[in-house]
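In what follows, a single structure is set out as structure tokens and then discussed.
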Amino acid sequence: MGLTLVGVNHRTAPLDVRERFAHARHEVPPALARLREAGADGGVLLSTCNRTEFYITGTPDDLPDAAWRQLTERLGDGRAASDFGYLRRDRDAVQHLYRVAAGLDSMVLGESQIQGQVREAWELARDVAGPVLHRLFQSALRVGARVRTETGIGAGHASVASAGVTVASKIFGELGGRTALILGAGDMAEVAAACLGEAGVRVTVVANRTYERAREIAERLGADALTLDEAWPRFADVDVVLSSTAAPRAIVTWDRVADAVTRRRGRPLCVLDLGVPRDVEPAVGQLEHVFLYNMDDLDAVAAQAAVRRRGEIPKVERIVDDEVQTFWAWLDARAVVPVLTAFRARFDAVRQAELAAALHRLPDLTPEEREHVEYLTRALMNKFLHEPTVALREAAASGRGYALLDGLRRLFRLDGGA
């Protein structure tokens, strides 16, 4: 069993690259099916605004290449996806996922939304994840829960939406009495509504592709519910537009909103694009008195907001290290012990067969002499196997030994390995 992570995130790739890698829910099963066809034992795809990561179990050496090929196809411009990403194996892959779930690897330090995204990735992959990845993602959710219970890294609104509110306050100053239009009705939209509300901004319009979903949120906020096509004229009335849809391409275009912006007569409009792929085409930001910010623009703002929470990082890292050790102990017992048991059993079977043949050719040995010969063969076997056994256990415990275990299984045709 090998554990591999192939990924791209906001630290390694710009927004225009990340948005091409983003997978909608319906695209996840086919992507994982292709990995299974390439020889993977299991797979999970974590795709969020800021990252696309394949978690893969299996031993074929070309599994990472199979994942990179999929992402390169989505890039579609001749560049290699691997130039924008990273590869982690075994224990390093486990540690990476735990840091993600803890909010340490997010654009906004300590953001809580990632935990729901990790859960969704696991649930979408239930049929193809396999036992190791099931256990890994369950334990990652436990890491996130521990971090939010035992540390203060998520204090306040640790989210991109809260960074957007900070940007809006720099444009308008006091936000009390301002109004907002929200495009999209997912989790991010609800987080955004809460952040805006606490800042004194009243959400007056919620628009979504599906009217029923828009109405659910609008009723809770006392806002109007619209379809997306009905929302464009309302750009003339509000102070803030926050867009977070799952659209595959930009929906807020110059053609759709230019007339409404003109009717504002110079009043500033703050447009916060939290979509990946981007919801707002860059041309909208060229309209007079429109201040457009996308996910990358909010990175610096988010970093400033995280300063107060940085003191909690050592506590979080200790939780991550503790949980990595716990997972690896489970995996060690699951993978290493059966292989080593089969390894020793194979040698012992050979020893016993050769011993029986030798004793058959030495019929005159006394019982005591026969016992000495058997002890000698057993002692030699234990001597020969001791160093390989210790080396394999140490390598597995450090998270680097699973390729060796697979080699052992192949060389000696062992059964019972993971």
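Identifiers in this document derive from the order of the structure tokens: chains are assigned A, B, ..., residues are numbered from 1 separately in each chain, and ligands are numbered from 1 in order of occurrence.
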
Practice task
Determine which residues of segment 205-361 of chain A DSSP labels as strand (DSSP E) from the backbone of this structure, then write them out as an MDAnalysis selection string.
Solution key: chainID A and resid 205:208 224:227 240:243 269:273 290:293

Exercise for the section: Quick one: everything within 12 Å of Leu63 of chain A, counting only C-alpha atoms, minus sequence neighbours fewer than 2 positions away in the same chain. Send it as a ChimeraX atom specification. Expected result: /A:2-6,32,34-43,54-61,65-70,87,89

Practice task
Pick out the residues sitting within 7 Å of Leu226 of chain A, and hand them over as a list of chain:residue names; count only C-alpha atoms, and ignore anything fewer than 2 positions along from it in its own chain.
Solution key: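 In the requested format, the answer is A:Val206, A:Ala207, A:Asn208, A:Tyr211, A:Ala214, A:Asp224, A:Leu228, A:Glu230, A:Ala231.
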
Sorted by chain and rising residue number, which residues of segment 101-170 of chain A lie within 12 Å of segment 259-269 of chain A, and what are their closest atom pairs and distances in Å to one decimal, counting only C-alpha atoms, as JSON lines?
```
{"residue": "A:Val167", "atom": "CA", "partner": "A:Leu269", "partner_atom": "CA", "distance": 11.8}
{"residue": "A:Ala168", "atom": "CA", "partner": "A:Leu269", "partner_atom": "CA", "distance": 9.2}
{"residue": "A:Ser169", "atom": "CA", "partner": "A:Leu269", "partner_atom": "CA", "distance": 11.9}
{"residue": "A:Lys170", "atom": "CA", "partner": "A:Pro268", "partner_atom": "CA", "distance": 11.8}
```

Fill in the blank from the handout: Using only C-alpha atoms, the best pick from A:Arg51, A:Arg220, A:His26, A:Arg135 as closest to Trp328 of chain A would be A:Arg135

Exercise for the section: Just give me the gap between atom CA of Thr151 of chain A and atom CA of His10 of chain A in Å, one decimal is fine. Expected result: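 Interatomic distance, atom CA of Thr151 of chain A to atom CA of His10 of chain A: 24.5 Å.
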
Handout entry: Picked from segment 118-336 of chain A by DSSP as alpha helix (DSSP H), as a ChimeraX atom specification
Key = /A:118-124,130-150,160-172,187-198,211-221,254-262,298-305,313-331

Serialized selection, C-alpha atoms, as an mmCIF file, in the first residue's frame:
```
data_model
loop_
_atom_site.group_PDB
_atom_site.id
_atom_site.type_symbol
_atom_site.label_atom_id
_atom_site.label_comp_id
_atom_site.auth_asym_id
_atom_site.auth_seq_id
_atom_site.Cartn_x
_atom_site.Cartn_y
_atom_site.Cartn_z
ATOM 1 C CA VAL A 118 -12.971 17.872 3.700
ATOM 2 C CA ARG A 119 -16.143 16.080 4.822
ATOM 3 C CA GLU A 120 -17.800 16.638 1.438
ATOM 4 C CA ALA A 121 -14.743 15.285 -0.406
ATOM 5 C CA TRP A 122 -14.816 12.147 1.716
ATOM 6 C CA GLU A 123 -18.551 11.652 1.231
ATOM 7 C CA LEU A 124 -18.282 12.048 -2.544
ATOM 8 C CA GLY A 130 -10.966 2.308 0.179
ATOM 9 C CA PRO A 131 -10.346 1.548 3.874
ATOM 10 C CA VAL A 132 -7.115 3.506 4.302
ATOM 11 C CA LEU A 133 -8.475 6.757 2.880
ATOM 12 C CA HIS A 134 -11.742 6.296 4.777
ATOM 13 C CA ARG A 135 -9.757 6.120 7.998
ATOM 14 C CA LEU A 136 -7.508 9.008 6.931
ATOM 15 C CA PHE A 137 -10.351 11.423 6.184
ATOM 16 C CA GLN A 138 -12.309 10.429 9.292
ATOM 17 C CA SER A 139 -9.239 11.182 11.380
ATOM 18 C CA ALA A 140 -8.699 14.482 9.518
ATOM 19 C CA LEU A 141 -12.169 15.580 10.592
ATOM 20 C CA ARG A 142 -11.232 14.667 14.160
ATOM 21 C CA VAL A 143 -8.113 16.829 13.847
ATOM 22 C CA GLY A 144 -10.221 19.778 12.731
ATOM 23 C CA ALA A 145 -12.639 19.293 15.622
ATOM 24 C CA ARG A 146 -9.827 19.066 18.171
ATOM 25 C CA VAL A 147 -8.144 22.186 16.815
ATOM 26 C CA ARG A 148 -11.313 24.244 17.053
ATOM 27 C CA THR A 149 -12.090 22.945 20.538
ATOM 28 C CA GLU A 150 -8.613 23.040 22.065
ATOM 29 C CA VAL A 160 -12.352 34.764 3.130
ATOM 30 C CA ALA A 161 -15.788 36.333 3.578
ATOM 31 C CA SER A 162 -14.571 38.178 6.659
ATOM 32 C CA ALA A 163 -11.570 39.436 4.688
ATOM 33 C CA GLY A 164 -14.043 40.748 2.125
ATOM 34 C CA VAL A 165 -15.878 42.657 4.837
ATOM 35 C CA THR A 166 -12.568 44.228 5.854
ATOM 36 C CA VAL A 167 -12.006 45.389 2.272
ATOM 37 C CA ALA A 168 -15.512 46.864 2.097
ATOM 38 C CA SER A 169 -14.906 48.821 5.302
ATOM 39 C CA LYS A 170 -11.824 50.421 3.746
ATOM 40 C CA ILE A 171 -13.934 51.639 0.825
ATOM 41 C CA PHE A 172 -16.943 52.913 2.770
ATOM 42 C CA ASP A 187 -22.183 27.615 2.462
ATOM 43 C CA MET A 188 -19.888 30.492 1.540
ATOM 44 C CA ALA A 189 -22.893 32.723 0.908
ATOM 45 C CA GLU A 190 -24.269 31.989 4.360
ATOM 46 C CA VAL A 191 -20.904 32.660 6.005
ATOM 47 C CA ALA A 192 -20.693 35.909 4.045
ATOM 48 C CA ALA A 193 -24.175 36.958 5.137
ATOM 49 C CA ALA A 194 -23.238 36.412 8.776
ATOM 50 C CA CYS A 195 -20.043 38.457 8.411
ATOM 51 C CA LEU A 196 -21.848 41.285 6.655
ATOM 52 C CA GLY A 197 -24.598 41.304 9.245
ATOM 53 C CA GLU A 198 -22.169 41.603 12.136
ATOM 54 C CA TYR A 211 -34.916 30.271 -6.969
ATOM 55 C CA GLU A 212 -36.037 27.895 -4.196
ATOM 56 C CA ARG A 213 -32.587 27.841 -2.633
ATOM 57 C CA ALA A 214 -32.304 31.634 -2.855
ATOM 58 C CA ARG A 215 -35.655 31.940 -1.092
ATOM 59 C CA GLU A 216 -34.510 29.702 1.796
ATOM 60 C CA ILE A 217 -31.670 32.065 2.661
ATOM 61 C CA ALA A 218 -33.543 35.265 1.767
ATOM 62 C CA GLU A 219 -36.380 34.442 4.164
ATOM 63 C CA ARG A 220 -33.948 34.057 7.043
ATOM 64 C CA LEU A 221 -32.338 37.408 6.215
ATOM 65 C CA TRP A 254 -19.718 43.926 -18.357
ATOM 66 C CA ASP A 255 -22.728 43.581 -20.683
ATOM 67 C CA ARG A 256 -25.012 42.464 -17.863
ATOM 68 C CA VAL A 257 -24.211 45.108 -15.266
ATOM 69 C CA ALA A 258 -22.839 48.175 -17.083
ATOM 70 C CA ASP A 259 -26.232 49.877 -17.369
ATOM 71 C CA ALA A 260 -27.013 49.326 -13.699
ATOM 72 C CA VAL A 261 -23.618 50.704 -12.650
ATOM 73 C CA THR A 262 -24.179 53.800 -14.799
ATOM 74 C CA LEU A 298 -7.986 39.090 -0.552
ATOM 75 C CA ASP A 299 -4.868 37.071 0.306
ATOM 76 C CA ALA A 300 -2.948 40.011 1.787
ATOM 77 C CA VAL A 301 -5.997 41.162 3.748
ATOM 78 C CA ALA A 302 -6.474 37.671 5.111
ATOM 79 C CA ALA A 303 -2.830 37.471 6.151
ATOM 80 C CA GLN A 304 -3.183 40.656 8.213
ATOM 81 C CA ALA A 305 -6.309 39.320 9.895
ATOM 82 C CA ILE A 313 0.022 27.684 15.636
ATOM 83 C CA PRO A 314 2.369 25.694 17.953
ATOM 84 C CA LYS A 315 -0.657 24.214 19.772
ATOM 85 C CA VAL A 316 -2.219 23.220 16.477
ATOM 86 C CA GLU A 317 1.016 21.687 15.214
ATOM 87 C CA ARG A 318 1.232 19.540 18.341
ATOM 88 C CA ILE A 319 -2.287 18.239 17.740
ATOM 89 C CA VAL A 320 -1.400 17.472 14.125
ATOM 90 C CA ASP A 321 1.776 15.613 15.118
ATOM 91 C CA ASP A 322 -0.104 13.637 17.759
ATOM 92 C CA GLU A 323 -2.808 12.576 15.312
ATOM 93 C CA VAL A 324 -0.265 11.692 12.598
ATOM 94 C CA GLN A 325 1.425 9.349 15.065
ATOM 95 C CA THR A 326 -1.917 7.779 15.976
ATOM 96 C CA PHE A 327 -2.864 7.201 12.341
ATOM 97 C CA TRP A 328 0.527 5.808 11.489
ATOM 98 C CA ALA A 329 0.388 3.355 14.392
ATOM 99 C CA TRP A 330 -2.925 2.078 13.003
ATOM 100 C CA LEU A 331 -1.540 1.846 9.488
#
```

Problem - Contact residues around segment 240-253 of chain A with only C-alpha atoms at 7 Å, ignoring same-chain residues under 6 positions, as a list in words - result: Thr179, Ala180, Leu181, Ile182, Leu183, Gly184, Met188, Ala189, Leu269, Cys270, Val271, Leu272, Asp273, Leu274, Gly275, Pro277, Arg278, Asp279, Val280, Glu281 and Val284 of chain A

For the residues in that selection, give me N, CA and C atoms as an mmCIF file, in the first residue's frame.
```cif
data_model
loop_
_atom_site.group_PDB
_atom_site.id
_atom_site.type_symbol
_atom_site.label_atom_id
_atom_site.label_comp_id
_atom_site.auth_asym_id
_atom_site.auth_seq_id
_atom_site.Cartn_x
_atom_site.Cartn_y
_atom_site.Cartn_z
ATOM 1 N N THR A 179 -26.010 48.282 2.222
ATOM 2 C CA THR A 179 -26.809 47.137 1.760
ATOM 3 C C THR A 179 -25.969 46.256 0.843
ATOM 4 N N ALA A 180 -26.380 44.990 0.736
ATOM 5 C CA ALA A 180 -25.591 44.025 -0.040
ATOM 6 C C ALA A 180 -26.484 43.113 -0.856
ATOM 7 N N LEU A 181 -25.942 42.686 -1.968
ATOM 8 C CA LEU A 181 -26.537 41.675 -2.833
ATOM 9 C C LEU A 181 -25.618 40.463 -2.822
ATOM 10 N N ILE A 182 -26.164 39.289 -2.553
ATOM 11 C CA ILE A 182 -25.375 38.058 -2.554
ATOM 12 C C ILE A 182 -25.788 37.207 -3.744
ATOM 13 N N LEU A 183 -24.813 36.828 -4.535
ATOM 14 C CA LEU A 183 -25.030 35.916 -5.660
ATOM 15 C C LEU A 183 -24.529 34.545 -5.260
ATOM 16 N N GLY A 184 -25.434 33.559 -5.276
ATOM 17 C CA GLY A 184 -25.085 32.223 -4.816
ATOM 18 C C GLY A 184 -25.745 31.939 -3.490
ATOM 19 N N MET A 188 -20.644 29.249 1.514
ATOM 20 C CA MET A 188 -19.888 30.492 1.540
ATOM 21 C C MET A 188 -20.819 31.697 1.613
ATOM 22 N N ALA A 189 -21.946 31.620 0.890
ATOM 23 C CA ALA A 189 -22.893 32.723 0.908
ATOM 24 C C ALA A 189 -23.452 32.941 2.312
ATOM 25 N N LEU A 269 -19.157 51.031 -5.736
ATOM 26 C CA LEU A 269 -19.709 49.684 -5.605
ATOM 27 C C LEU A 269 -18.550 48.735 -5.333
ATOM 28 N N CYS A 270 -18.633 48.015 -4.237
ATOM 29 C CA CYS A 270 -17.610 47.022 -3.872
ATOM 30 C C CYS A 270 -18.087 45.648 -4.337
ATOM 31 N N VAL A 271 -17.324 45.014 -5.204
ATOM 32 C CA VAL A 271 -17.677 43.691 -5.730
ATOM 33 C C VAL A 271 -16.636 42.683 -5.235
ATOM 34 N N LEU A 272 -17.081 41.724 -4.454
ATOM 35 C CA LEU A 272 -16.207 40.694 -3.873
ATOM 36 C C LEU A 272 -16.482 39.376 -4.576
ATOM 37 N N ASP A 273 -15.527 38.937 -5.367
ATOM 38 C CA ASP A 273 -15.674 37.701 -6.136
ATOM 39 C C ASP A 273 -14.975 36.568 -5.390
ATOM 40 N N LEU A 274 -15.759 35.728 -4.733
ATOM 41 C CA LEU A 274 -15.214 34.601 -3.980
ATOM 42 C C LEU A 274 -15.346 33.291 -4.741
ATOM 43 N N GLY A 275 -15.662 33.373 -6.015
ATOM 44 C CA GLY A 275 -15.840 32.165 -6.805
ATOM 45 C C GLY A 275 -14.544 31.682 -7.424
ATOM 46 N N PRO A 277 -14.068 28.644 -10.325
ATOM 47 C CA PRO A 277 -13.625 29.710 -11.214
ATOM 48 C C PRO A 277 -14.289 31.053 -10.874
ATOM 49 N N ARG A 278 -13.667 32.127 -11.333
ATOM 50 C CA ARG A 278 -14.156 33.459 -11.008
ATOM 51 C C ARG A 278 -15.568 33.685 -11.539
ATOM 52 N N ASP A 279 -16.383 34.333 -10.719
ATOM 53 C CA ASP A 279 -17.753 34.671 -11.118
ATOM 54 C C ASP A 279 -17.825 35.977 -11.902
ATOM 55 N N VAL A 280 -16.842 36.846 -11.703
ATOM 56 C CA VAL A 280 -16.900 38.206 -12.259
ATOM 57 C C VAL A 280 -15.774 38.373 -13.275
ATOM 58 N N GLU A 281 -16.128 38.757 -14.498
ATOM 59 C CA GLU A 281 -15.080 38.969 -15.495
ATOM 60 C C GLU A 281 -14.309 40.240 -15.157
ATOM 61 N N VAL A 284 -15.433 44.036 -15.553
ATOM 62 C CA VAL A 284 -16.350 44.715 -14.628
ATOM 63 C C VAL A 284 -15.565 45.661 -13.720
#
```

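Here the question is which of A:Ala223, A:Val373, A:Val28, A:Ala155 gets nearest to Arg126 of chain A using only C-alpha atoms, and that residue is A:Val28.
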